[in-house]
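Participant: Dropping in entry32.cif, with mmCIF, C-alpha atoms and all ligand atoms.
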```cif
data_run
#
loop_
_atom_site.group_PDB
_atom_site.id
_atom_site.type_symbol
_atom_site.label_atom_id
_atom_site.label_comp_id
_atom_site.auth_asym_id
_atom_site.auth_seq_id
_atom_site.Cartn_x
_atom_site.Cartn_y
_atom_site.Cartn_z
ATOM 1 C CA MET A 62 107.937 -117.770 -39.950
ATOM 2 C CA SER A 63 108.223 -120.609 -37.409
ATOM 3 C CA SER A 64 105.161 -122.406 -36.156
ATOM 4 C CA ILE A 65 104.349 -124.153 -32.936
ATOM 5 C CA THR A 66 102.376 -127.382 -32.553
ATOM 6 C CA VAL A 67 99.341 -127.295 -30.277
ATOM 7 C CA THR A 68 97.742 -130.554 -29.115
ATOM 8 C CA PRO A 69 94.647 -130.483 -26.858
ATOM 9 C CA LEU A 70 95.107 -132.207 -23.482
ATOM 10 C CA ALA A 71 91.481 -132.707 -22.447
ATOM 11 C CA ALA A 72 88.023 -132.032 -23.827
ATOM 12 C CA ALA A 73 87.379 -129.153 -21.433
ATOM 13 C CA LEU A 74 90.655 -127.211 -21.561
ATOM 14 C CA GLY A 75 94.437 -127.419 -21.792
ATOM 15 C CA ALA A 76 96.909 -127.983 -24.616
ATOM 16 C CA ASP A 77 100.464 -129.186 -25.045
ATOM 17 C CA VAL A 78 102.654 -126.806 -26.998
ATOM 18 C CA SER A 79 105.807 -127.986 -28.727
ATOM 19 C CA GLY A 80 108.217 -126.503 -31.234
ATOM 20 C CA VAL A 81 109.370 -123.600 -29.088
ATOM 21 C CA ASP A 82 112.367 -123.096 -26.773
ATOM 22 C CA LEU A 83 111.150 -120.658 -24.127
ATOM 23 C CA SER A 84 114.642 -119.995 -22.783
ATOM 24 C CA ARG A 85 115.310 -117.975 -25.965
ATOM 25 C CA PRO A 86 113.745 -114.614 -26.875
ATOM 26 C CA LEU A 87 110.354 -115.116 -28.521
ATOM 27 C CA ALA A 88 109.837 -113.834 -32.062
ATOM 28 C CA PRO A 89 106.673 -111.669 -32.340
ATOM 29 C CA ASP A 90 104.921 -114.186 -34.618
ATOM 30 C CA VAL A 91 105.598 -117.046 -32.154
ATOM 31 C CA LEU A 92 104.323 -114.934 -29.271
ATOM 32 C CA ALA A 93 101.172 -114.213 -31.281
ATOM 33 C CA GLN A 94 100.662 -117.956 -31.895
ATOM 34 C CA LEU A 95 101.158 -118.702 -28.200
ATOM 35 C CA ARG A 96 98.643 -116.021 -27.233
ATOM 36 C CA GLN A 97 96.153 -117.428 -29.704
ATOM 37 C CA ALA A 98 96.621 -120.991 -28.342
ATOM 38 C CA TRP A 99 96.361 -119.723 -24.768
ATOM 39 C CA SER A 100 93.167 -117.835 -25.475
ATOM 40 C CA GLN A 101 91.650 -120.951 -27.042
ATOM 41 C CA HIS A 102 92.828 -123.576 -24.503
ATOM 42 C CA LEU A 103 93.187 -121.464 -21.279
ATOM 43 C CA VAL A 104 96.012 -123.647 -19.913
ATOM 44 C CA LEU A 105 99.189 -124.403 -21.890
ATOM 45 C CA ARG A 106 101.809 -127.022 -21.094
ATOM 46 C CA PHE A 107 105.365 -126.774 -22.423
ATOM 47 C CA ARG A 108 107.463 -129.880 -21.791
ATOM 48 C CA GLY A 109 111.233 -129.983 -21.374
ATOM 49 C CA GLN A 110 111.789 -126.267 -20.763
ATOM 50 C CA ARG A 111 115.030 -125.739 -18.835
ATOM 51 C CA LEU A 112 114.643 -122.145 -17.729
ATOM 52 C CA SER A 113 116.866 -120.230 -15.334
ATOM 53 C CA ASP A 114 115.057 -117.790 -13.034
ATOM 54 C CA PRO A 115 116.015 -114.759 -15.204
ATOM 55 C CA GLU A 116 114.729 -116.646 -18.271
ATOM 56 C CA LEU A 117 111.447 -117.419 -16.511
ATOM 57 C CA LEU A 118 111.137 -113.734 -15.625
ATOM 58 C CA SER A 119 111.844 -112.468 -19.136
ATOM 59 C CA LEU A 120 109.434 -114.985 -20.667
ATOM 60 C CA SER A 121 106.730 -113.938 -18.177
ATOM 61 C CA ARG A 122 107.251 -110.247 -19.021
ATOM 62 C CA ARG A 123 106.370 -110.979 -22.659
ATOM 63 C CA PHE A 124 102.859 -111.757 -21.405
ATOM 64 C CA GLY A 125 102.440 -108.597 -19.336
ATOM 65 C CA GLU A 126 103.669 -106.743 -16.299
ATOM 66 C CA LEU A 127 104.778 -108.994 -13.449
ATOM 67 C CA ASP A 128 102.569 -109.148 -10.369
ATOM 68 C CA PRO A 129 104.514 -109.884 -7.170
ATOM 69 C CA PRO A 130 103.462 -112.926 -5.112
ATOM 70 C CA GLY A 131 100.951 -112.349 -2.335
ATOM 71 C CA PRO A 132 102.099 -112.372 1.289
ATOM 72 C CA ASN A 133 103.283 -115.831 2.334
ATOM 73 C CA PRO A 134 102.906 -117.198 5.882
ATOM 74 C CA TYR A 135 106.584 -116.424 6.623
ATOM 75 C CA GLY A 136 106.425 -112.701 5.768
ATOM 76 C CA LYS A 137 109.392 -112.410 3.362
ATOM 77 C CA PRO A 138 110.108 -113.347 -0.281
ATOM 78 C CA PHE A 139 111.385 -116.894 -0.736
ATOM 79 C CA LEU A 140 114.043 -115.795 -3.251
ATOM 80 C CA ALA A 141 115.721 -112.607 -2.029
ATOM 81 C CA GLU A 142 117.398 -112.097 -5.431
ATOM 82 C CA PHE A 143 114.144 -112.575 -7.389
ATOM 83 C CA PRO A 144 111.259 -111.377 -5.191
ATOM 84 C CA GLU A 145 108.885 -111.528 -8.197
ATOM 85 C CA ILE A 146 109.252 -115.317 -8.163
ATOM 86 C CA ASN A 147 107.166 -117.362 -5.761
ATOM 87 C CA VAL A 148 108.475 -120.759 -4.670
ATOM 88 C CA ILE A 149 105.986 -123.603 -4.267
ATOM 89 C CA SER A 150 107.749 -126.319 -2.300
ATOM 90 C CA ASN A 151 107.658 -128.634 0.690
ATOM 91 C CA VAL A 152 111.452 -128.534 1.107
ATOM 92 C CA LYS A 153 112.953 -127.207 4.334
ATOM 93 C CA VAL A 154 116.564 -126.094 4.709
ATOM 94 C CA GLY A 155 117.811 -125.860 8.288
ATOM 95 C CA GLY A 156 114.193 -126.277 9.427
ATOM 96 C CA GLU A 157 113.045 -123.269 7.339
ATOM 97 C CA PRO A 158 110.590 -123.768 4.438
ATOM 98 C CA ILE A 159 112.092 -122.654 1.115
ATOM 99 C CA GLY A 160 108.593 -122.284 -0.359
ATOM 100 C CA ASN A 161 104.848 -122.283 0.101
ATOM 101 C CA LEU A 162 102.014 -124.856 0.241
ATOM 102 C CA GLY A 163 103.873 -127.816 1.785
ATOM 103 C CA ASP A 164 103.071 -131.384 0.680
ATOM 104 C CA GLY A 165 99.336 -131.563 1.414
ATOM 105 C CA GLU A 166 96.431 -131.052 -0.913
ATOM 106 C CA ALA A 167 95.919 -127.500 -2.217
ATOM 107 C CA VAL A 168 92.164 -127.053 -2.635
ATOM 108 C CA TRP A 169 90.425 -125.610 -5.711
ATOM 109 C CA HIS A 170 91.018 -121.874 -6.066
ATOM 110 C CA CYS A 171 92.002 -119.045 -8.355
ATOM 111 C CA ASP A 172 95.002 -117.051 -7.290
ATOM 112 C CA MET A 173 94.804 -114.007 -5.059
ATOM 113 C CA THR A 174 91.166 -113.175 -5.675
ATOM 114 C CA TYR A 175 91.122 -111.663 -2.192
ATOM 115 C CA VAL A 176 92.700 -108.504 -3.717
ATOM 116 C CA GLU A 177 90.802 -105.938 -5.812
ATOM 117 C CA LEU A 178 92.851 -106.652 -8.944
ATOM 118 C CA PRO A 179 93.759 -110.336 -8.983
ATOM 119 C CA PRO A 180 96.554 -111.549 -11.274
ATOM 120 C CA ARG A 181 95.534 -112.410 -14.809
ATOM 121 C CA ALA A 182 97.862 -115.349 -15.299
ATOM 122 C CA ALA A 183 100.589 -117.519 -13.828
ATOM 123 C CA PHE A 184 103.534 -119.616 -14.986
ATOM 124 C CA LEU A 185 104.614 -122.645 -12.931
ATOM 125 C CA HIS A 186 107.945 -124.330 -13.676
ATOM 126 C CA ALA A 187 108.835 -127.791 -12.323
ATOM 127 C CA LEU A 188 112.396 -127.916 -10.969
ATOM 128 C CA GLN A 189 112.071 -130.989 -8.761
ATOM 129 C CA ILE A 190 109.150 -133.417 -8.596
ATOM 130 C CA PRO A 191 108.170 -136.484 -6.557
ATOM 131 C CA ASP A 192 108.014 -139.905 -8.273
ATOM 132 C CA SER A 193 104.246 -139.755 -7.950
ATOM 133 C CA GLY A 194 101.537 -137.499 -6.503
ATOM 134 C CA GLY A 195 101.365 -133.714 -6.526
ATOM 135 C CA ASP A 196 99.328 -133.721 -9.759
ATOM 136 C CA THR A 197 97.666 -130.402 -10.572
ATOM 137 C CA TYR A 198 94.177 -129.935 -12.051
ATOM 138 C CA TRP A 199 92.567 -126.994 -13.810
ATOM 139 C CA ALA A 200 88.858 -126.450 -14.506
ATOM 140 C CA ASN A 201 87.251 -124.309 -17.213
ATOM 141 C CA MET A 202 84.997 -121.619 -15.724
ATOM 142 C CA TYR A 203 83.597 -120.484 -19.123
ATOM 143 C CA LEU A 204 82.219 -123.981 -19.499
ATOM 144 C CA ALA A 205 81.055 -124.094 -15.884
ATOM 145 C CA TYR A 206 79.032 -120.922 -16.456
ATOM 146 C CA GLU A 207 77.736 -122.036 -19.844
ATOM 147 C CA ARG A 208 76.496 -125.366 -18.385
ATOM 148 C CA LEU A 209 75.046 -123.873 -15.201
ATOM 149 C CA PRO A 210 71.317 -124.692 -15.044
ATOM 150 C CA GLN A 211 69.239 -121.622 -15.924
ATOM 151 C CA PRO A 212 67.598 -121.341 -12.436
ATOM 152 C CA LEU A 213 71.080 -121.205 -10.847
ATOM 153 C CA LYS A 214 72.176 -118.583 -13.395
ATOM 154 C CA ARG A 215 69.193 -116.496 -12.385
ATOM 155 C CA ARG A 216 69.924 -116.925 -8.653
ATOM 156 C CA ILE A 217 73.451 -115.555 -8.995
ATOM 157 C CA GLU A 218 72.655 -112.830 -11.501
ATOM 158 C CA GLY A 219 74.136 -109.509 -10.350
ATOM 159 C CA ARG A 220 75.446 -111.083 -7.118
ATOM 160 C CA ARG A 221 78.878 -110.568 -5.581
ATOM 161 C CA ALA A 222 80.822 -112.639 -3.081
ATOM 162 C CA ILE A 223 83.499 -112.068 -0.449
ATOM 163 C CA HIS A 224 86.861 -113.631 -1.377
ATOM 164 C CA ASP A 225 88.496 -114.429 1.942
ATOM 165 C CA ALA A 226 92.130 -113.411 2.453
ATOM 166 C CA THR A 227 92.707 -115.403 5.633
ATOM 167 C CA PHE A 228 93.906 -118.799 4.419
ATOM 168 C CA ASN A 229 95.948 -119.998 1.464
ATOM 169 C CA SER A 230 94.870 -123.020 -0.586
ATOM 170 C CA ALA A 231 96.885 -125.355 1.669
ATOM 171 C CA GLY A 232 94.841 -124.174 4.668
ATOM 172 C CA ILE A 233 97.743 -122.160 6.140
ATOM 173 C CA MET A 234 96.822 -118.820 7.668
ATOM 174 C CA ARG A 235 98.461 -115.808 5.992
ATOM 175 C CA LYS A 236 100.726 -113.650 8.127
ATOM 176 C CA GLY A 237 98.867 -111.084 10.214
ATOM 177 C CA MET A 238 95.426 -112.724 9.745
ATOM 178 C CA GLN A 239 93.004 -113.873 12.436
ATOM 179 C CA PRO A 240 90.701 -116.929 12.225
ATOM 180 C CA VAL A 241 87.282 -116.121 10.743
ATOM 181 C CA THR A 242 84.240 -117.325 12.691
ATOM 182 C CA ASP A 243 81.587 -115.717 10.452
ATOM 183 C CA PRO A 244 82.184 -115.607 6.660
ATOM 184 C CA ARG A 245 80.131 -112.400 6.499
ATOM 185 C CA GLN A 246 82.992 -110.712 8.357
ATOM 186 C CA ALA A 247 85.821 -112.256 6.305
ATOM 187 C CA PRO A 248 88.487 -109.819 5.100
ATOM 188 C CA GLY A 249 89.013 -109.722 1.340
ATOM 189 C CA ALA A 250 87.797 -108.238 -1.947
ATOM 190 C CA HIS A 251 84.196 -108.459 -3.159
ATOM 191 C CA HIS A 252 83.871 -109.715 -6.747
ATOM 192 C CA PRO A 253 80.971 -110.545 -9.087
ATOM 193 C CA LEU A 254 80.063 -114.247 -9.184
ATOM 194 C CA VAL A 255 80.097 -114.022 -12.979
ATOM 195 C CA ILE A 256 82.686 -111.857 -14.709
ATOM 196 C CA VAL A 257 83.219 -110.857 -18.317
ATOM 197 C CA HIS A 258 86.717 -111.866 -19.363
ATOM 198 C CA PRO A 259 88.580 -108.719 -20.488
ATOM 199 C CA GLU A 260 90.076 -110.331 -23.608
ATOM 200 C CA SER A 261 87.537 -112.863 -24.817
ATOM 201 C CA GLY A 262 84.418 -110.967 -23.706
ATOM 202 C CA ARG A 263 83.000 -114.324 -22.518
ATOM 203 C CA PRO A 264 81.245 -114.802 -19.154
ATOM 204 C CA ALA A 265 83.044 -116.975 -16.598
ATOM 205 C CA LEU A 266 81.999 -118.232 -13.183
ATOM 206 C CA TYR A 267 84.306 -116.525 -10.689
ATOM 207 C CA LEU A 268 84.352 -118.334 -7.353
ATOM 208 C CA GLY A 269 87.836 -117.726 -5.884
ATOM 209 C CA ARG A 270 87.900 -120.281 -3.074
ATOM 210 C CA ARG A 271 85.184 -121.932 -1.022
ATOM 211 C CA ARG A 272 86.473 -121.406 2.522
ATOM 212 C CA ASN A 273 84.901 -118.360 4.205
ATOM 213 C CA SER A 274 83.200 -117.255 1.001
ATOM 214 C CA TYR A 275 79.888 -115.435 1.353
ATOM 215 C CA ILE A 276 77.378 -114.186 -1.224
ATOM 216 C CA LEU A 277 76.543 -110.629 -0.265
ATOM 217 C CA GLY A 278 72.937 -109.863 0.534
ATOM 218 C CA LEU A 279 71.874 -113.455 1.288
ATOM 219 C CA ALA A 280 71.127 -115.052 4.649
ATOM 220 C CA LEU A 281 74.233 -116.961 5.746
ATOM 221 C CA GLN A 282 72.704 -120.430 5.332
ATOM 222 C CA GLU A 283 71.286 -119.564 1.913
ATOM 223 C CA SER A 284 74.724 -118.348 0.849
ATOM 224 C CA GLU A 285 76.380 -121.525 2.168
ATOM 225 C CA ASP A 286 73.903 -123.770 0.315
ATOM 226 C CA LEU A 287 74.168 -121.835 -2.940
ATOM 227 C CA LEU A 288 77.978 -121.780 -2.767
ATOM 228 C CA ASP A 289 78.038 -125.545 -2.153
ATOM 229 C CA GLU A 290 75.868 -126.036 -5.236
ATOM 230 C CA LEU A 291 78.034 -123.740 -7.374
ATOM 231 C CA TRP A 292 81.293 -125.370 -6.248
ATOM 232 C CA ALA A 293 79.983 -128.913 -6.818
ATOM 233 C CA HIS A 294 78.963 -127.887 -10.313
ATOM 234 C CA ALA A 295 82.166 -125.969 -11.174
ATOM 235 C CA THR A 296 84.622 -128.637 -10.064
ATOM 236 C CA GLN A 297 83.070 -131.653 -11.782
ATOM 237 C CA PRO A 298 85.589 -133.764 -13.762
ATOM 238 C CA ALA A 299 83.908 -132.946 -17.101
ATOM 239 C CA PHE A 300 85.176 -129.347 -16.817
ATOM 240 C CA ALA A 301 88.723 -130.286 -15.735
ATOM 241 C CA MET A 302 92.143 -131.463 -16.927
ATOM 242 C CA ARG A 303 94.915 -133.196 -14.995
ATOM 243 C CA GLN A 304 98.619 -132.422 -15.154
ATOM 244 C CA VAL A 305 100.943 -135.298 -14.207
ATOM 245 C CA TRP A 306 104.220 -133.454 -13.849
ATOM 246 C CA ARG A 307 107.501 -134.212 -15.586
ATOM 247 C CA LEU A 308 110.718 -132.445 -14.734
ATOM 248 C CA HIS A 309 111.032 -129.082 -16.569
ATOM 249 C CA ASP A 310 107.343 -128.874 -17.434
ATOM 250 C CA LEU A 311 106.143 -125.292 -17.607
ATOM 251 C CA MET A 312 102.436 -124.490 -17.247
ATOM 252 C CA LEU A 313 100.772 -121.201 -18.165
ATOM 253 C CA TRP A 314 97.179 -120.566 -17.090
ATOM 254 C CA ASP A 315 94.534 -117.906 -17.271
ATOM 255 C CA ASN A 316 93.554 -117.029 -13.716
ATOM 256 C CA TYR A 317 90.320 -115.249 -14.743
ATOM 257 C CA CYS A 318 88.563 -118.213 -16.364
ATOM 258 C CA THR A 319 90.052 -121.273 -14.623
ATOM 259 C CA LEU A 320 90.279 -122.781 -11.137
ATOM 260 C CA HIS A 321 93.134 -125.071 -10.070
ATOM 261 C CA ARG A 322 93.973 -127.505 -7.284
ATOM 262 C CA ARG A 323 96.815 -129.876 -6.391
ATOM 263 C CA ASP A 324 96.996 -133.408 -4.976
ATOM 264 C CA SER A 325 99.047 -134.150 -1.890
ATOM 265 C CA PHE A 326 102.302 -136.099 -2.226
ATOM 266 C CA ASP A 327 104.744 -138.111 -0.112
ATOM 267 C CA PRO A 328 106.156 -135.801 2.598
ATOM 268 C CA GLY A 329 109.465 -137.660 2.268
ATOM 269 C CA ALA A 330 109.749 -136.569 -1.380
ATOM 270 C CA GLN A 331 110.906 -133.146 -2.537
ATOM 271 C CA ARG A 332 108.930 -130.944 -4.912
ATOM 272 C CA ILE A 333 110.197 -127.521 -6.047
ATOM 273 C CA MET A 334 108.329 -125.221 -8.438
ATOM 274 C CA HIS A 335 109.088 -121.620 -9.381
ATOM 275 C CA ARG A 336 106.152 -119.422 -10.216
ATOM 276 C CA THR A 337 105.497 -115.989 -11.702
ATOM 277 C CA GLN A 338 102.281 -114.020 -12.055
ATOM 278 C CA ILE A 339 101.080 -111.490 -14.618
ATOM 279 C CA LYS A 340 99.172 -108.409 -13.458
ATOM 280 C CA GLY A 341 95.469 -108.303 -14.155
ATOM 281 C CA THR A 342 93.706 -105.628 -16.172
ATOM 282 C CA GLY A 343 90.448 -106.122 -14.256
ATOM 283 C CA PHE A 344 87.031 -107.349 -15.341
ATOM 284 C CA VAL A 345 83.435 -106.236 -15.246
ATOM 285 C CA PRO A 346 80.399 -108.097 -13.904
ATOM 286 C CA HIS A 347 78.382 -110.102 -16.407
ATOM 287 C CA ALA A 348 75.129 -108.299 -17.108
ATOM 288 C CA GLY A 349 72.977 -111.386 -16.524
ATOM 289 C CA ALA A 350 71.693 -114.649 -17.826
ATOM 290 C CA GLY A 351 68.468 -113.270 -19.210
ATOM 291 C CA ALA A 352 65.153 -115.092 -19.059
HETATM 292 C C1 LIG B 1 99.342 -123.431 -6.973
HETATM 293 O O1 LIG B 1 98.237 -123.556 -6.453
HETATM 294 O O2 LIG B 1 99.663 -122.398 -7.539
HETATM 295 C C2 LIG B 1 100.320 -124.565 -6.920
HETATM 296 C C3 LIG B 1 99.962 -125.690 -7.777
HETATM 297 C C4 LIG B 1 100.938 -126.824 -7.619
HETATM 298 O O3 LIG B 1 101.677 -126.882 -6.629
HETATM 299 O O4 LIG B 1 100.961 -127.667 -8.509
#
```
If you took the structure in this file and wrote it as structure tokens, what would it be?
Facilitator:
Amino acid sequence: MSSITVTPLAAALGADVSGVDLSRPLAPDVLAQLRQAWSQHLVLRFRGQRLSDPELLSLSRRFGELDPPGPNPYGKPFLAEFPEINVISNVKVGGEPIGNLGDGEAVWHCDMTYVELPPRAAFLHALQIPDSGGDTYWANMYLAYERLPQPLKRRIEGRRAIHDATFNSAGIMRKGMQPVTDPRQAPGAHHPLVIVHPESGRPALYLGRRRNSYILGLALQESEDLLDELWAHATQPAFAMRQVWRLHDLMLWDNYCTLHRRDSFDPGAQRIMHRTQIKGTGFVPHAGAGA
């Protein structure tokens, strides 16, 4: 039996995993160890993984059924041969973007929460990186819920929010969408503010993204104020980790109990990442914080 080495990356979440070559088929015992490490640390980093696209796809399938990328602003898959792979890049070829999100900041979010069944997980593989900038951060939403002051827990108990589908995390409008002037009218799924994670059974704060969010049943201003409070709490550095990319890093994250964001980088530099997603199994609302 081979064993992997798992080294925590930050107090809140994240771990480096070594001792495994992910371009090769995974033995069942190694997969079980990876799942265990993932469940404990929520975000895993694998350094020096040189994966072809088919290898990235077969690795991803060991973690569940693939979930195709959401609609991008250009209306067609970035890789015609591998439509299950999303490309995150600022590179343009012949004036056409080869990927999504550009070179600006990508704000805190979880992926595709504007659909009824958001993806459970994602892999992100670094194929080309700038000399500096473009760092990515994840935050632990189990911890954010656990540390939420009791009065705030009570205020969000049983509440649901709209998860706006209009804009991506880089502030680019998705194809076919119209600007939203009133968050109460935003298109997108309605999800509980606190979910029970389907595997761990633990409650996690589930915020999606701030822009055009709205807590159902509240007056608009009350919803705005409460969301601002929740987001300030959830994204504090004590709940987060930072990934400074190296070439061929591969990240795996749990999209049900983490948020992520990305720093901007030099527009003159080129950054290319290939990404897959794993289908979600769904979640239920958390029953409540109690007295
Ligand atoms: C993403 O939000 O999925 C992209 C993160 C990154 O570009 O590092």
Participant: Can I get the residues close to ligand LIG 1 (chain B) as a list in words, where close means within 6 Å and we count all atoms listed in the file?
Facilitator: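 Using all atoms listed in the file, I find these residues within 6 Å of ligand LIG 1 (chain B): Ile149, Thr197, Arg322 and Arg323 of chain A.
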Participant: Compare A:Lys153, A:Gly219, A:Phe107, A:Asn147 by their minimum atom-to-atom distance to Gly278 (chain A), counting all atoms listed in the file, and give me the closest one.
Facilitator: A:Gly219
Participant: Can you pull out every residue within 9 Å of region 71-85 of chain A, counting only C-alpha atoms, but drop anything in the same chain fewer than 6 positions away, and send it as JSON, numbers by chain?
Facilitator: {"A": [63, 64, 65, 91, 95, 98, 99, 101, 102, 103, 104, 105, 106, 107, 108, 109, 110, 111, 112, 113, 116, 117, 119, 120, 199, 200, 201, 204, 299, 300, 301, 302, 303, 314]}
Participant: So that I can see what lies close to region 227-238 of chain A, please list as a PDB file with C-alpha atoms, keeping the file's coordinate frame the residues with an atom at most 9 Å from it, counting all atoms listed in the file and leaving out residues fewer than 2 positions away in the same chain.
Facilitator:
```
ATOM      1  CA  PRO A 132     102.099-112.372   1.289  1.00  0.00           C
ATOM      2  CA  ASN A 133     103.283-115.831   2.334  1.00  0.00           C
ATOM      3  CA  PRO A 134     102.906-117.198   5.882  1.00  0.00           C
ATOM      4  CA  TYR A 135     106.584-116.424   6.623  1.00  0.00           C
ATOM      5  CA  GLY A 136     106.425-112.701   5.768  1.00  0.00           C
ATOM      6  CA  ASN A 161     104.848-122.283   0.101  1.00  0.00           C
ATOM      7  CA  LEU A 162     102.014-124.856   0.241  1.00  0.00           C
ATOM      8  CA  GLY A 163     103.873-127.816   1.785  1.00  0.00           C
ATOM      9  CA  ASP A 164     103.071-131.384   0.680  1.00  0.00           C
ATOM     10  CA  GLY A 165      99.336-131.563   1.414  1.00  0.00           C
ATOM     11  CA  GLU A 166      96.431-131.052  -0.913  1.00  0.00           C
ATOM     12  CA  ALA A 167      95.919-127.500  -2.217  1.00  0.00           C
ATOM     13  CA  VAL A 168      92.164-127.053  -2.635  1.00  0.00           C
ATOM     14  CA  TRP A 169      90.425-125.610  -5.711  1.00  0.00           C
ATOM     15  CA  HIS A 170      91.018-121.874  -6.066  1.00  0.00           C
ATOM     16  CA  ASP A 172      95.002-117.051  -7.290  1.00  0.00           C
ATOM     17  CA  MET A 173      94.804-114.007  -5.059  1.00  0.00           C
ATOM     18  CA  TYR A 175      91.122-111.663  -2.192  1.00  0.00           C
ATOM     19  CA  ASP A 225      88.496-114.429   1.942  1.00  0.00           C
ATOM     20  CA  PRO A 240      90.701-116.929  12.225  1.00  0.00           C
ATOM     21  CA  VAL A 241      87.282-116.121  10.743  1.00  0.00           C
ATOM     22  CA  ALA A 247      85.821-112.256   6.305  1.00  0.00           C
ATOM     23  CA  PRO A 248      88.487-109.819   5.100  1.00  0.00           C
ATOM     24  CA  GLY A 249      89.013-109.722   1.340  1.00  0.00           C
ATOM     25  CA  ARG A 270      87.900-120.281  -3.074  1.00  0.00           C
ATOM     26  CA  ARG A 272      86.473-121.406   2.522  1.00  0.00           C
ATOM     27  CA  ASN A 273      84.901-118.360   4.205  1.00  0.00           C
ATOM     28  CA  ARG A 322      93.973-127.505  -7.284  1.00  0.00           C
TER      29      ARG A 322
END
```
Participant: Find the residues with any atom within 12 Å of (77.5, -105.5, -19.5); use all atoms listed in the file and the coordinates as given in the file, and write the answer as a list in words.
Facilitator: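 Output of the proximity query reads Glu218, Gly219, Val255, Ile256, Val257, His258, Pro259, Gly262, Arg263, Pro264, Phe344, Val345, Pro346, His347, Ala348, Gly349, Ala350 and Gly351 of chain A.
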Participant: Could you state which residues are captured by the PyMOL selection byres (((chain A and resi 332-334) around 9) and not hetatm) in this file, as JSON, numbers by chain?
Facilitator: {"A": [147, 148, 149, 150, 151, 152, 159, 160, 163, 164, 185, 186, 187, 188, 189, 190, 191, 195, 326, 330, 331, 335, 336]}
Participant: Take CA of Asp90 (chain A) and CA of Arg122 (chain A) and report the distance between them in Å, one decimal.
Facilitator: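 Value for the CA of Asp90 (chain A)-CA of Arg122 (chain A) distance: 16.3 Å.
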Participant: Residues at most 6 Å from Gln338 (chain A), counting all atoms listed in the file, excluding those fewer than 6 positions away in the same chain, as a PyMOL selection string?
Facilitator: chain A and resi 127-128+182-183
Participant: Residues picked by the PyMOL selection byres (((chain A and resi 221) around 6) and not hetatm) here, as a count of residues only?
Facilitator: 7
Participant: A:Glu157, A:Glu145, A:Asp243, A:Asp196: which is nearest Leu281 (chain A), counting only C-alpha atoms?
Facilitator: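 Smallest separation from Leu281 (chain A) among the options: A:Asp243.
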Participant: Can you tell me how far CA of Val67 (chain A) sits from CA of Ala93 (chain A), in Å to one decimal?
Facilitator: 13.2 Å
Participant: Would you compute the distance between CA of Phe124 (chain A) and CA of Tyr198 (chain A)? Give it in Å to one decimal.
Facilitator: 22.2 Å
Participant: Using only C-alpha atoms, which residue out of A:Arg215, A:Glu290, A:Phe184, A:Tyr275 lies closest to Met312 (chain A)?
Facilitator: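 Closest to Met312 (chain A) of all the choices is A:Phe184.
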Participant: Of the candidates A:Ser193, A:Asn316, A:Ala295, A:Asp286, which shows the shortest atom-to-atom distance to Leu266 (chain A), using all atoms listed in the file?
Facilitator: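 The shortest atom-to-atom distance to Leu266 (chain A) comes from A:Ala295.
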Participant: Give the answer as one residue: which of A:Asp114, A:Asp315, A:Ser121, A:Arg208 has the shortest atom-to-atom distance to Pro144 (chain A), using all atoms listed in the file?
Facilitator: A:Asp114
Participant: Go through A:Pro298, A:Gly156, A:Pro115, A:Gly269 and flag the residue nearest Phe143 (chain A), using all atoms listed in the file for the distances.
Facilitator: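 For Phe143 (chain A), the nearest of the candidates is A:Pro115.
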Participant: Please return the centre and edge lengths, in Å to one decimal, of a box with edges along x, y and z that contains all listed atoms of region 235-244 of chain A, widened by 8 Å on every side, as lines of an AutoDock Vina configuration file.
Facilitator:
```
center_x = 91.2
center_y = -114.2
center_z = 9.3
size_x = 35.1
size_y = 22.2
size_z = 22.7
```
